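Enquirer: Let me begin by handing over the structure; questions about it come next.
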Amino acid sequence: MLVTLPIGLWTFSFVCDLVRLLGGSSVWSTVALYALTGGIVGAILAAFPGLLDFLSIEDPVIRKTAFAHLLTALGSLLIFGIERWLRTRDPDTSRLSLLLSILGMALMATAGWLGSGMVYVSGLAVDAVEKLSFQLHARQNRAAPDEHSNRMKRTG
């Protein structure tokens, strides 16, 4: 769920750039800068669990896809970081910012496509959740008869 924050903020930053380019006031550049910055912070926060997930992948085919996902996600973070740096030098660089936003969003979309393939096609996280659910269910079923028999001994 952490990835939704940078995706939403970077998309909103792009929309703000479009509004500014189409004649909106300069406040749209300021709003875009704040949205861009929030997206960068959100992406950095999402990178930590993503790196832990990456390091736990054993299947070589999925690991190759995960590495491509990692590179494209870091690429989009880098592009948006460069865009933010340029905005701090000149807050109203709307055409260049728009171009960088398009490039960053293309990389972000590619990373999302690769990530969703790992989850929904390869079942990367789904398998772990299903195993955990099965283990918890099995433990509960084993604990229930013991508890019931203990109750029977006390009352009987």
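Residue numbering restarts at 1 for every chain of the structure tokens, chains are lettered A, B, ... in their displayed order, and ligands are numbered from 1 as they appear.
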Quick one: residues within 9 Å of range 50-56 of chain A, only C-alpha atoms counted, chain neighbours fewer than 6 positions away excluded, as a list in words?
Expert: Arg63, Ala66, Phe67, Leu70 and Ala125 of chain A
Enquirer: With N, CA and C atoms kept, could you save the residues just selected as a tab-separated table (two decimals), in the first residue's frame?
Expert:
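Okay, again_31.tsv is ready:
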```
chain	number	residue	atom	x	y	z
A	63	ARG	N	13.28	-13.34	-9.66
A	63	ARG	CA	14.32	-12.40	-9.21
A	63	ARG	C	14.76	-11.50	-10.36
A	66	ALA	N	12.09	-9.01	-10.70
A	66	ALA	CA	12.16	-8.12	-9.53
A	66	ALA	C	13.30	-7.13	-9.69
A	67	PHE	N	14.41	-7.57	-10.28
A	67	PHE	CA	15.54	-6.65	-10.49
A	67	PHE	C	15.17	-5.57	-11.50
A	70	LEU	N	12.99	-3.19	-9.68
A	70	LEU	CA	13.81	-2.35	-8.81
A	70	LEU	C	14.49	-1.23	-9.60
A	125	ALA	N	3.75	-12.51	-3.41
A	125	ALA	CA	3.34	-12.25	-2.03
A	125	ALA	C	2.14	-13.10	-1.64
```
Enquirer: Neighbouring residues of Glu83 in chain A were defined as those with any atom within 8 Å, considering only C-alpha atoms; residues of the same chain fewer than 5 positions away were excluded. Please report them as a PyMOL selection string.
Expert: chain A and resi 97+100-101
Enquirer: Counting only C-alpha atoms, which residues of range 52-124 of chain A sit at most 9 Å from some atom of range 4-19 of chain A, and what is each one's closest atom pair with its distance in Å to one decimal, listed by chain and rising residue number, as a Markdown table?
Expert:
```
| residue | atom | partner | partner_atom | distance |
| --- | --- | --- | --- | --- |
| A:Phe80 | CA | A:Trp10 | CA | 8.1 |
| A:Ser94 | CA | A:Asp17 | CA | 5.9 |
| A:Arg95 | CA | A:Asp17 | CA | 8.0 |
| A:Ser97 | CA | A:Asp17 | CA | 7.2 |
| A:Leu98 | CA | A:Asp17 | CA | 5.9 |
| A:Ser101 | CA | A:Phe14 | CA | 5.9 |
| A:Ile102 | CA | A:Phe14 | CA | 7.6 |
| A:Gly104 | CA | A:Trp10 | CA | 8.6 |
| A:Met105 | CA | A:Thr11 | CA | 7.5 |
| A:Met108 | CA | A:Ile7 | CA | 7.6 |
| A:Ala109 | CA | A:Ile7 | CA | 9.0 |
```
Enquirer: Measuring atom to atom with only C-alpha atoms, identify which of A:Ala68, A:Ala32, A:Ala73, A:Ile62 is nearest to Val3 in chain A.
Expert: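 With only C-alpha atoms as the atom set, the closest residue is A:Ala73.
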Enquirer: Find, counting only C-alpha atoms, the residue in A:His137, A:His69, A:Arg142, A:Arg87 that gets nearest to Thr30 in chain A.
Expert: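 Ranked by minimum distance to Thr30 in chain A, first place goes to A:Arg87.
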Enquirer: Can you list every residue in chain A that DSSP puts in alpha helix (DSSP H), as a PyMOL selection string?
Expert: chain A and resi 4-21+27-55+60-89+94-116+124-155
Enquirer: What does the distance between CA of Thr65 in chain A and CA of Gly115 in chain A come to in Å, to one decimal place?
Expert: 8.2 Å
Enquirer: CA of Leu21 in chain A and CA of Ala43 in chain A, how far apart in Å?
Expert: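 We find that CA of Ala43 in chain A and CA of Leu21 in chain A lie 25.9 Å from each other.
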